[in-house]
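model-v4.txt (compact mmCIF, C-alpha atoms) appears below.
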```
# COMPACT_ATOMS: atom_id res chain seq x y z
CA MET A 211 -15.94 -16.57 8.95
CA THR A 212 -15.44 -13.06 7.61
CA ALA A 213 -11.84 -11.89 7.39
CA ARG A 214 -10.93 -8.79 9.38
CA TYR A 215 -9.19 -5.91 7.64
CA PRO A 216 -6.14 -5.29 9.83
CA PHE A 217 -5.13 -1.77 8.78
CA ALA A 218 -8.01 0.41 10.02
CA SER A 219 -7.56 0.48 13.75
CA GLY A 220 -4.95 1.35 16.31
CA ASP A 221 -2.79 4.45 16.51
CA PRO A 222 -0.76 4.35 13.29
CA LEU A 223 0.89 7.74 13.77
CA GLN A 224 2.55 6.35 16.88
CA GLN A 225 2.73 2.68 15.95
CA ARG A 226 3.09 2.61 12.21
CA TYR A 227 1.55 -0.17 10.17
CA VAL A 228 3.96 -2.67 8.67
CA TYR A 229 2.86 -3.28 5.11
CA SER A 230 5.88 -5.23 3.93
CA TYR A 231 5.83 -9.02 3.62
CA ALA A 232 2.02 -9.08 3.89
CA PRO A 233 0.75 -12.48 2.77
CA PHE A 234 -1.58 -12.90 -0.21
CA GLY A 235 -5.04 -12.15 1.15
CA GLY A 236 -7.17 -13.21 -1.83
CA MET A 237 -10.71 -12.02 -2.40
CA ALA A 238 -11.33 -12.27 1.34
CA LEU A 239 -8.93 -9.39 1.97
CA LEU A 240 -10.52 -7.24 -0.73
CA GLN A 241 -13.97 -7.94 0.72
CA ALA A 242 -12.78 -7.19 4.25
CA TRP A 243 -11.16 -3.95 3.10
CA ARG A 244 -14.34 -2.89 1.29
CA ALA A 245 -16.57 -3.76 4.26
CA SER A 246 -14.27 -1.86 6.60
CA ARG A 247 -14.33 1.23 4.40
CA GLU A 248 -18.11 1.12 4.05
CA ALA A 249 -18.52 0.91 7.81
CA THR A 250 -16.18 3.87 8.28
CA ILE A 251 -17.97 5.94 5.64
CA LEU A 252 -21.27 5.21 7.37
CA ALA A 253 -19.85 6.21 10.74
CA LEU A 254 -18.39 9.42 9.33
CA THR A 255 -21.67 10.45 7.75
CA THR A 256 -24.04 9.49 10.54
CA THR A 257 -22.23 9.95 13.82
CA GLU A 258 -20.29 12.63 15.61
CA ALA A 259 -16.71 12.31 16.68
CA VAL A 260 -16.26 10.53 19.99
CA THR A 261 -13.17 12.53 20.85
CA PRO A 262 -12.87 15.30 18.27
CA CYS A 263 -9.33 16.33 17.52
CA ASP A 264 -8.63 19.49 15.53
CA SER A 265 -5.19 20.51 14.38
CA PRO A 266 -2.87 20.64 17.34
CA PRO A 267 -1.55 24.12 18.10
CA GLU A 268 1.88 24.45 16.56
CA SER A 269 4.26 25.66 19.21
CA LEU A 270 7.25 25.73 16.93
CA GLU A 271 8.15 29.10 15.45
CA PRO A 272 8.78 28.42 11.74
CA ARG A 273 11.99 29.57 10.16
CA ASN A 274 11.88 31.72 7.06
CA ASP A 275 13.15 28.93 4.85
CA TRP A 276 10.56 26.41 6.02
CA LEU A 277 7.35 25.76 4.15
CA SER A 278 4.07 24.83 5.77
CA THR A 279 2.99 21.37 4.59
CA ASP A 280 -0.62 22.56 4.40
CA THR A 281 0.47 25.39 2.10
CA LEU A 282 2.42 22.95 -0.05
CA ILE A 283 -0.61 20.66 -0.35
CA ASP A 284 -2.78 23.63 -1.35
CA GLN A 285 -0.21 24.69 -3.95
CA LEU A 286 -0.03 21.17 -5.36
CA LYS A 287 -3.82 20.90 -5.51
CA ALA A 288 -3.95 24.16 -7.46
CA SER A 289 -1.12 23.00 -9.69
CA LEU A 290 -3.18 20.03 -10.90
CA ALA A 291 -5.27 22.46 -12.93
CA ASP A 292 -2.15 23.68 -14.74
CA PRO A 293 -1.11 22.27 -18.10
CA ALA A 294 2.11 21.09 -16.42
CA PRO A 295 1.36 20.11 -12.80
CA ASP A 296 4.21 20.17 -10.34
CA TRP A 297 4.76 16.39 -10.32
CA LYS A 298 8.28 16.73 -9.02
CA ARG A 299 7.23 18.33 -5.75
CA LEU A 300 4.27 15.99 -5.39
CA ASP A 301 6.50 12.96 -5.95
CA ARG A 302 8.86 14.28 -3.33
CA LEU A 303 6.03 14.74 -0.83
CA VAL A 304 4.85 11.17 -1.51
CA ALA A 305 8.40 9.88 -1.07
CA ARG A 306 8.77 11.68 2.25
CA TYR A 307 5.42 10.41 3.45
CA GLU A 308 6.26 6.84 2.47
CA ALA A 309 9.57 7.07 4.30
CA SER A 310 8.08 8.19 7.61
CA LYS A 311 4.32 7.61 7.27
CA ARG A 312 3.97 11.07 8.78
CA LEU A 313 3.32 14.59 7.54
CA HIS A 314 5.16 17.12 9.63
CA ALA A 315 3.70 20.60 9.86
CA PHE A 316 6.76 22.15 8.22
CA GLN A 317 9.29 21.13 5.61
CA ASP A 318 12.74 22.40 4.83
CA GLY A 319 13.87 23.65 1.44
CA GLU A 320 14.54 20.10 0.28
CA GLY A 321 11.08 18.88 1.20
CA LYS A 322 12.24 17.09 4.31
CA GLY A 323 9.82 17.20 7.22
CA ILE A 324 10.98 19.20 10.22
CA ARG A 325 11.02 16.49 12.85
CA GLU A 326 10.45 18.92 15.70
CA SER A 327 7.18 20.10 14.18
CA SER A 328 3.94 18.29 14.92
CA PHE A 329 2.72 15.40 12.77
CA THR A 330 -0.72 14.70 14.22
CA SER A 331 -2.87 17.13 12.25
CA LEU A 332 -5.74 15.05 10.84
CA PRO A 333 -6.81 17.92 8.53
CA SER A 334 -3.37 17.72 6.88
CA TYR A 335 -3.72 14.00 6.22
CA LEU A 336 -7.21 14.55 4.91
CA ALA A 337 -6.01 17.29 2.54
CA PHE A 338 -3.19 15.02 1.38
CA GLY A 339 -5.74 12.28 0.66
CA GLU A 340 -7.79 14.70 -1.43
CA LEU A 341 -4.66 15.69 -3.30
CA LEU A 342 -3.80 12.06 -4.03
CA VAL A 343 -7.30 11.32 -5.35
CA ALA A 344 -7.10 14.31 -7.70
CA ALA A 345 -3.53 13.50 -8.76
CA TRP A 346 -4.40 9.87 -9.57
CA ARG A 347 -7.28 11.05 -11.74
CA VAL A 348 -4.95 13.29 -13.72
CA ARG A 349 -1.97 10.93 -13.91
CA GLN A 350 -2.49 7.24 -13.20
CA HIS A 351 0.74 6.94 -11.28
CA TRP A 352 0.82 3.93 -8.92
CA PRO A 353 2.63 5.67 -6.04
CA TYR A 354 -0.32 8.07 -5.71
CA LEU A 355 -2.89 5.30 -5.38
CA ASN A 356 -0.61 3.36 -3.07
CA ALA A 357 -0.15 6.34 -0.77
CA LEU A 358 -3.89 7.06 -0.91
CA LEU A 359 -4.67 3.58 0.42
CA LYS A 360 -2.31 4.18 3.33
CA ILE A 361 -3.76 7.64 4.05
CA CYS A 362 -7.27 6.16 4.02
CA ASP A 363 -6.13 3.50 6.50
CA LEU A 364 -4.96 6.30 8.72
CA LEU A 365 -8.19 8.30 8.39
CA ALA A 366 -10.22 5.16 9.10
CA SER A 367 -8.11 4.43 12.17
CA TYR A 368 -8.81 7.89 13.56
CA ALA A 369 -12.42 8.17 12.34
CA ASP A 370 -13.65 8.55 15.93
CA ARG A 371 -11.55 11.68 16.30
CA ILE A 372 -12.31 13.46 13.03
CA PRO A 373 -14.22 16.62 13.96
CA THR A 374 -17.70 17.35 12.66
CA SER A 375 -16.51 20.02 10.25
CA LEU A 376 -14.32 17.49 8.43
CA ARG A 377 -16.33 14.28 8.60
CA LEU A 378 -18.10 14.62 5.25
CA ARG A 379 -14.83 15.47 3.51
CA ALA A 380 -13.16 12.44 5.05
CA ALA A 381 -16.07 10.23 3.99
CA ALA A 382 -15.74 11.61 0.45
CA VAL A 383 -12.03 10.70 0.28
CA LEU A 384 -12.77 7.17 1.43
CA GLN A 385 -15.65 6.90 -1.04
CA ASP A 386 -13.36 8.13 -3.84
CA GLU A 387 -10.76 5.55 -2.86
CA VAL A 388 -13.39 2.77 -2.98
CA SER A 389 -14.55 3.96 -6.42
CA LEU A 390 -11.02 4.18 -7.79
CA LEU A 391 -10.26 0.65 -6.61
CA ALA A 392 -13.54 -0.61 -8.07
CA ASP A 393 -12.56 0.88 -11.44
CA LEU A 394 -9.12 -0.64 -11.19
CA THR A 395 -10.51 -4.04 -10.25
CA LYS A 396 -12.78 -3.98 -13.30
CA LYS A 397 -9.83 -3.17 -15.55
CA THR A 398 -7.40 -5.58 -13.92
CA LEU A 399 -9.38 -8.72 -13.19
CA PRO A 400 -10.97 -10.79 -15.93
CA MET B 77 28.54 -29.00 -4.05
CA THR B 78 31.38 -27.60 -1.99
CA ASN B 79 34.18 -27.14 -4.50
CA GLY B 80 33.14 -25.05 -7.45
CA ARG B 81 34.83 -22.65 -9.82
CA LEU B 82 36.37 -19.86 -7.81
CA ILE B 83 35.07 -16.35 -8.41
CA ASN B 84 38.41 -14.60 -8.06
CA GLY B 85 38.39 -11.21 -6.41
CA ALA B 86 34.73 -11.49 -5.42
CA THR B 87 33.54 -10.77 -1.91
CA LEU B 88 30.04 -11.53 -0.78
CA LEU B 89 28.98 -9.14 1.98
CA LEU B 90 25.90 -10.74 3.44
CA ALA B 91 23.34 -9.86 6.08
CA ARG B 92 21.77 -12.78 7.87
CA THR B 93 18.71 -12.81 5.65
CA VAL B 94 16.82 -15.29 3.53
CA ARG B 95 18.08 -13.44 0.45
CA SER B 96 21.69 -14.03 1.44
CA SER B 97 20.94 -17.70 1.94
CA ILE B 98 19.38 -17.91 -1.51
CA TYR B 99 22.36 -16.12 -3.10
CA LEU B 100 24.74 -18.65 -1.59
CA GLN B 101 22.61 -21.57 -2.70
CA SER B 102 22.27 -20.11 -6.21
CA LEU B 103 26.03 -19.78 -6.65
CA ALA B 104 26.72 -23.21 -5.22
CA HIS B 105 24.09 -24.77 -7.47
CA ALA B 106 25.73 -23.08 -10.47
CA GLY B 107 29.05 -24.60 -9.45
CA MET B 108 30.73 -21.41 -8.25
CA LYS B 109 32.29 -20.26 -5.03
CA PRO B 110 33.14 -16.66 -4.12
CA GLU B 111 36.67 -15.95 -3.00
CA ARG B 112 35.42 -14.55 0.31
CA VAL B 113 32.24 -14.32 2.31
CA LEU B 114 31.70 -11.80 5.07
CA LEU B 115 28.60 -12.33 7.19
CA TYR B 116 27.54 -9.33 9.23
CA GLY B 117 25.11 -9.05 12.12
CA ALA B 118 24.72 -11.14 15.24
CA ALA B 119 23.12 -14.57 15.21
CA THR B 120 20.05 -12.95 16.79
CA ASP B 121 19.68 -10.81 13.64
CA THR B 122 19.03 -13.92 11.57
CA GLN B 123 15.91 -13.45 9.47
CA ARG B 124 13.64 -16.44 9.02
CA PRO B 125 10.25 -16.60 7.32
CA PRO B 126 7.40 -16.36 9.85
CA ALA B 127 6.34 -19.85 8.85
CA PRO B 128 8.22 -22.52 6.90
CA VAL B 129 8.17 -21.74 3.18
CA LEU B 130 7.64 -24.34 0.49
CA ARG B 131 10.23 -24.92 -2.18
CA LEU B 132 9.62 -23.43 -5.60
CA PRO B 133 9.03 -25.62 -8.64
CA ALA B 134 11.79 -26.07 -11.23
CA PRO B 135 14.10 -24.45 -12.09
CA TYR B 136 14.42 -23.26 -8.49
CA GLY B 137 13.51 -26.45 -6.69
CA HIS B 138 16.98 -26.73 -5.16
CA LEU B 139 16.51 -23.57 -3.07
CA ASN B 140 15.57 -23.90 0.58
CA GLY B 141 14.30 -20.66 2.10
CA ASN B 142 14.24 -22.14 5.58
CA LEU B 143 18.02 -22.45 5.83
CA ALA B 144 19.86 -19.50 7.36
CA ALA B 145 22.86 -18.15 5.46
CA GLU B 146 25.21 -19.41 8.12
CA GLU B 147 23.73 -22.90 7.91
CA VAL B 148 24.25 -22.88 4.14
CA LEU B 149 27.86 -21.77 4.54
CA ASN B 150 28.50 -24.50 7.08
CA ASP B 151 26.83 -27.13 4.90
CA LEU B 152 28.94 -26.03 1.93
CA GLY B 153 32.08 -25.91 4.00
CA TRP B 154 32.90 -22.45 2.72
CA PRO B 155 35.02 -20.32 5.06
CA TYR B 156 33.53 -17.01 6.12
CA ILE B 157 34.29 -14.01 8.28
CA VAL B 158 31.77 -12.82 10.85
CA VAL B 159 31.31 -9.19 11.89
CA SER B 160 28.88 -9.00 14.76
CA SER B 161 27.42 -5.55 14.06
CA ARG B 162 24.54 -5.23 11.62
CA ASP B 163 25.63 -1.67 10.86
CA MET B 164 27.39 -1.43 7.50
CA ALA B 165 29.27 1.66 8.63
CA THR B 166 30.74 0.06 11.71
CA PRO B 167 34.54 0.46 11.93
CA GLU B 168 34.94 -3.29 12.44
CA LEU B 169 33.25 -4.06 9.14
CA ILE B 170 35.19 -1.37 7.30
CA ALA B 171 38.44 -2.61 8.80
CA ARG B 172 37.63 -6.15 7.71
CA MET B 173 36.93 -4.96 4.19
CA ASP B 174 40.21 -3.06 4.15
CA GLU B 175 42.12 -6.21 5.08
CA ILE B 176 41.01 -7.91 1.89
CA ALA B 177 43.64 -7.82 -0.81
CA ASP B 178 42.89 -7.98 -4.54
CA GLN B 179 39.23 -7.28 -4.04
CA GLN B 180 37.66 -6.65 -7.45
CA PHE B 181 34.09 -6.15 -6.38
CA VAL B 182 31.59 -6.82 -3.61
CA VAL B 183 28.18 -8.41 -4.06
CA PHE B 184 26.07 -7.38 -1.12
CA SER B 185 22.78 -8.37 0.39
CA SER B 186 21.80 -6.11 3.26
CA TYR B 187 19.18 -5.88 5.97
CA PRO B 188 15.98 -4.15 4.86
CA GLY B 189 16.31 -0.41 4.41
CA GLN B 190 20.11 -0.26 4.55
CA ILE B 191 22.18 1.68 2.07
CA VAL B 192 25.87 1.17 1.47
CA PRO B 193 27.84 3.95 3.18
CA GLU B 194 29.92 6.12 0.88
CA THR B 195 33.05 5.17 2.76
CA LEU B 196 32.60 1.59 1.51
CA LEU B 197 31.55 2.60 -1.98
CA ALA B 198 34.83 4.46 -2.35
CA ARG B 199 36.80 1.23 -1.86
CA CYS B 200 35.60 -0.90 -4.78
CA PRO B 201 32.50 -1.53 -6.92
CA PHE B 202 29.48 -2.80 -5.01
CA ILE B 203 26.98 -4.89 -6.94
CA HIS B 204 23.30 -5.01 -6.04
CA LEU B 205 20.67 -7.31 -7.48
CA HIS B 206 17.50 -5.25 -7.72
CA SER B 207 14.18 -6.95 -8.27
CA GLY B 208 12.85 -4.64 -10.97
CA TRP B 209 13.60 -3.57 -14.52
CA LEU B 210 15.55 -0.34 -14.29
CA PRO B 211 15.10 2.49 -14.77
CA HIS B 212 11.34 1.92 -14.97
CA TYR B 213 10.92 0.14 -11.65
CA ARG B 214 13.05 1.62 -8.88
CA GLY B 215 12.42 1.16 -5.18
CA SER B 216 10.46 -1.41 -3.27
CA THR B 217 8.15 -4.32 -4.15
CA THR B 218 8.32 -3.40 -7.81
CA MET B 219 7.45 -6.90 -9.00
CA TYR B 220 3.86 -6.31 -7.91
CA TYR B 221 3.66 -2.95 -9.64
CA ALA B 222 4.99 -4.56 -12.82
CA MET B 223 2.29 -7.22 -12.56
CA LEU B 224 -0.38 -4.54 -12.13
CA ALA B 225 0.93 -2.81 -15.25
CA GLY B 226 1.00 -6.08 -17.19
CA ASP B 227 4.79 -6.21 -17.34
CA ALA B 228 6.96 -9.25 -16.69
CA PRO B 229 9.03 -9.36 -13.50
CA GLY B 230 12.58 -8.19 -14.05
CA VAL B 231 15.89 -8.21 -12.24
CA THR B 232 18.72 -5.73 -12.72
CA ALA B 233 22.31 -6.15 -11.57
CA LEU B 234 23.72 -2.71 -10.98
CA GLN B 235 26.78 -1.04 -9.65
CA VAL B 236 25.68 0.86 -6.57
CA ASP B 237 26.07 4.63 -6.41
CA THR B 238 24.85 7.11 -3.83
CA GLY B 239 21.28 7.13 -5.16
CA ILE B 240 18.63 4.46 -4.73
CA ASP B 241 18.65 2.08 -7.69
CA THR B 242 20.29 4.73 -9.86
CA GLY B 243 23.65 3.07 -10.53
CA ARG B 244 25.06 1.80 -13.80
CA ILE B 245 23.56 -1.41 -15.15
CA LEU B 246 25.64 -4.58 -15.49
CA ALA B 247 22.97 -7.06 -16.53
CA GLN B 248 19.19 -7.39 -16.75
CA ALA B 249 16.76 -10.23 -17.33
CA HIS B 250 13.03 -10.73 -17.46
CA TYR B 251 11.42 -13.65 -15.67
CA PRO B 252 8.07 -15.44 -15.85
CA LEU B 253 5.27 -14.50 -13.50
CA PRO B 254 5.63 -16.23 -10.14
CA PRO B 255 3.92 -19.61 -10.08
CA ALA B 256 0.71 -19.84 -8.11
CA ASN B 257 1.10 -21.40 -4.70
CA CYS B 258 4.56 -19.98 -4.13
CA ASP B 259 5.98 -17.59 -1.59
CA ILE B 260 7.02 -14.52 -3.55
CA ASP B 261 8.64 -12.25 -0.97
CA TYR B 262 10.93 -14.80 0.62
CA MET B 263 11.37 -17.23 -2.26
CA TYR B 264 10.53 -16.20 -5.82
CA ASP B 265 11.84 -12.65 -5.57
CA ASN B 266 15.12 -13.91 -4.13
CA ALA B 267 15.33 -16.86 -6.49
CA ILE B 268 15.26 -14.70 -9.61
CA ARG B 269 17.81 -12.32 -8.10
CA GLY B 270 19.99 -15.32 -7.31
CA ASP B 271 19.55 -16.58 -10.85
CA LEU B 272 20.83 -13.33 -12.38
CA LEU B 273 23.65 -13.22 -9.84
CA ALA B 274 24.76 -16.70 -10.90
CA LYS B 275 24.59 -15.73 -14.58
CA LEU B 276 26.59 -12.57 -13.95
CA MET B 277 29.24 -14.43 -11.97
CA ASP B 278 29.39 -17.15 -14.61
CA CYS B 279 30.14 -14.47 -17.19
CA TYR B 280 32.80 -13.01 -14.91
CA VAL B 281 34.46 -16.38 -14.33
CA LEU B 282 34.46 -17.15 -18.05
CA THR B 283 35.74 -13.79 -19.28
CA GLY B 284 37.68 -12.52 -16.29
CA SER B 285 35.77 -9.27 -16.16
CA LEU B 286 32.35 -7.91 -15.44
CA PRO B 287 30.29 -6.66 -18.38
CA PRO B 288 30.67 -2.94 -19.13
CA ALA B 289 28.41 -0.96 -16.83
CA GLN B 290 25.90 1.12 -18.75
CA ALA B 291 24.27 4.32 -17.52
CA GLN B 292 20.55 3.95 -17.02
CA PRO B 293 18.64 5.12 -20.07
CA GLY B 294 16.51 8.01 -18.91
CA PRO B 295 14.78 8.91 -15.68
CA GLY B 296 13.10 6.25 -13.65
CA THR B 297 10.08 5.88 -11.43
CA SER B 298 10.36 5.14 -7.72
CA TYR B 299 7.93 2.85 -5.95
CA TYR B 300 7.28 2.26 -2.27
CA VAL B 301 6.17 -0.77 -0.26
CA ILE B 302 2.98 -1.87 -1.92
CA HIS B 303 -0.25 -1.75 0.05
CA PRO B 304 -1.67 -5.24 0.73
CA VAL B 305 -4.85 -4.43 -1.22
CA LEU B 306 -2.88 -3.51 -4.34
CA LYS B 307 -0.61 -6.50 -3.81
CA THR B 308 -3.60 -8.81 -3.66
CA LEU B 309 -5.03 -7.22 -6.79
CA ALA B 310 -1.71 -7.71 -8.60
CA LEU B 311 -1.65 -11.41 -7.72
CA LEU B 312 -5.29 -11.94 -8.64
CA ALA B 313 -4.53 -10.26 -11.97
CA ALA B 314 -1.65 -12.70 -12.42
CA GLY B 315 -4.05 -15.61 -12.09
CA TRP B 316 -3.82 -16.40 -8.41
CA SER B 317 -7.03 -17.41 -6.72
CA ASP B 318 -8.34 -17.94 -3.22
CA ASP B 319 -7.16 -21.54 -3.60
CA ASN B 320 -3.64 -20.18 -3.17
CA ARG B 321 -4.44 -18.40 0.04
CA SER B 322 -4.46 -21.33 2.41
CA ARG B 323 -1.12 -22.51 1.07
CA ASP B 324 0.55 -19.15 1.36
CA ARG B 325 2.52 -18.54 4.53
CA SER B 326 0.93 -17.17 7.64
CA PRO B 327 0.81 -13.42 8.28
CA ASP B 328 3.83 -11.74 9.86
```
For the structure just supplied, provide its representation as structure tokens.
Amino acid sequence: MTARYPFASGDPLQQRYVYSYAPFGGMALLQAWRASREATILALTTTEAVTPCDSPPESLEPRNDWLSTDTLIDQLKASLADPAPDWKRLDRLVARYEASKRLHAFQDGEGKGIRESSFTSLPSYLAFGELLVAAWRVRQHWPYLNALLKICDLLASYADRIPTSLRLRAAAVLQDEVSLLADLTKKTLP
Amino acid sequence: MTNGRLINGATLLLARTVRSSIYLQSLAHAGMKPERVLLYGAATDTQRPPAPVLRLPAPYGHLNGNLAAEEVLNDLGWPYIVVSSRDMATPELIARMDEIADQQFVVFSSYPGQIVPETLLARCPFIHLHSGWLPHYRGSTTMYYAMLAGDAPGVTALQVDTGIDTGRILAQAHYPLPPANCDIDYMYDNAIRGDLLAKLMDCYVLTGSLPPAQAQPGPGTSYYVIHPVLKTLALLAAGWSDDNRSRDRSPD
């Protein structure tokens, strides 16, 4: 019987996945994860969204000292081309995401998500996934790959809602994740 | 063993977790007994593995991860104080801590995600056993990240400060990779922490003082709960195989 990959369905922005204390899954888990991702990539590239969901309108009026998370992600993406990328701010964004498993639309001056702002923008999670792929390629830092796996779980869970304009980008992030893990597996396992 | 060498001035502040149970068993096995034990949280907060866990091979074969901390205390006949709240900042817990005279230090084992409130830190040194070689492996589930990087598991005893795993180091030790067919999260991880705790307390009992606390050498790296795919990869890299899967505990 084929194992089922348990982290690619549901509503993880409302009911967050619990990753701690997961039992050893063996090769069966890796195969189930891979099969799940391939099925999602196929769906993203060949079908339309069942219930497309663009960015929710942000009703909150941002304060002057808040920063848009989308802007921060764009800045960090651009920074990767610099000789000295802004790892500190990226690490802080990863830390905040790991703490809440959410990306709020705005952050305060310390990088803390504004809890009153929305956290359901799939384009933001997609952009964060792209950032993590690029960051891992520049600096093989485990927290980036770890967060990427969680972001890809989230994108897979909401694949039915990803709008047409973003579906190929989402498929590309998932494909990159699969490739990065394949490379890692080759290096890690005898 | 119920009557061991007394660890004068030592308080164990323990959540009702498997880790606390293992700490108690580790000290008892090493022939030591803390001066005081304070158990916090209600009986309904007692953490148990989702399925019975097997004992580890030697040298940790004496540890039983299926016994709750309170059961261990009762078996040992050690007196203990109970505070019913699982909140470390609750006035009842703070008041209980304030009642303790001649308290040299506190070894604590908390519920997941808790940090020691500053109001407690101001009272005396708090010692934490972190499963990871500091400063390189701060944060959560670092044993698996070390395995992915080809490093040996490590444990660090540190004096807690207001940061996460940033305090001054009292002792460190490396340990072998976890044996195949063992439960890591509930057993091996806690067993090696308990081992370093026993060694640190043995040193304290022998010399009458804790080792000098050293500032961490350089900046560290913080890790977060490892994704199950990476965790599986880490264990496969450490020589585990699908043969181990059926003997591992059931999912949460």
Given a cut-off of 7 Å, which residues of chain A touch chain B, counting only C-alpha atoms, written out as a CSV table (one decimal) with C-alpha atoms, in the frame of the given file?
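To be explicit, this is the file written out as out_30.csv:
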```
chain,number,residue,atom,x,y,z
A,229,TYR,CA,2.9,-3.3,5.1
A,230,SER,CA,5.9,-5.2,3.9
A,231,TYR,CA,5.8,-9.0,3.6
A,232,ALA,CA,2.0,-9.1,3.9
A,233,PRO,CA,0.8,-12.5,2.8
A,234,PHE,CA,-1.6,-12.9,-0.2
A,235,GLY,CA,-5.0,-12.2,1.2
A,236,GLY,CA,-7.2,-13.2,-1.8
A,237,MET,CA,-10.7,-12.0,-2.4
A,240,LEU,CA,-10.5,-7.2,-0.7
A,308,GLU,CA,6.3,6.8,2.5
A,353,PRO,CA,2.6,5.7,-6.0
A,356,ASN,CA,-0.6,3.4,-3.1
A,359,LEU,CA,-4.7,3.6,0.4
A,398,THR,CA,-7.4,-5.6,-13.9
A,399,LEU,CA,-9.4,-8.7,-13.2
```
Between CA of Leu276 in chain B and CA of Trp154 in chain B, what is the spacing in Å?
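Atom-to-atom, CA of Trp154 in chain B to CA of Leu276 in chain B, that is 20.4 Å.
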message = So that I can see what lies close to Asp280 in chain A, please list as a list in words the residues with an atom at most 8 Å from it, counting all atoms listed in the file and leaving out residues fewer than 5 positions away in the same chain.
response =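 Counting only the stated atoms, we get Ala315, Ser334 and Ala337 of chain A.
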Okay, now the selection with C-alpha atoms, as a PDB file, keeping the file's coordinate frame?
```pdb
ATOM      1  CA  ALA A 315       3.700  20.600   9.860  1.00  0.00           C
ATOM      2  CA  SER A 334      -3.370  17.720   6.880  1.00  0.00           C
ATOM      3  CA  ALA A 337      -6.010  17.290   2.540  1.00  0.00           C
TER       4      ALA A 337
END
```
Just want the 12 Å neighbourhood of Ile251 in chain A, counted on only C-alpha atoms, with same-chain residues fewer than 5 positions away dropped. Output as a count of residues only. 24
Provide the CA of Ile240 in chain B to CA of Arg214 in chain B distance in Å, to one decimal place.
->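 CA of Arg214 in chain B lies 7.5 Å from CA of Ile240 in chain B.
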Considering only C-alpha atoms, return as an MDAnalysis selection string whatever protein or nucleic-acid residues lie within 12 Å of Ser328 in chain A, sequence-local ones (same chain, fewer than 4 positions apart) excluded. chainID A and resid 223 265:272 278:279 312:317 323:324 332 334
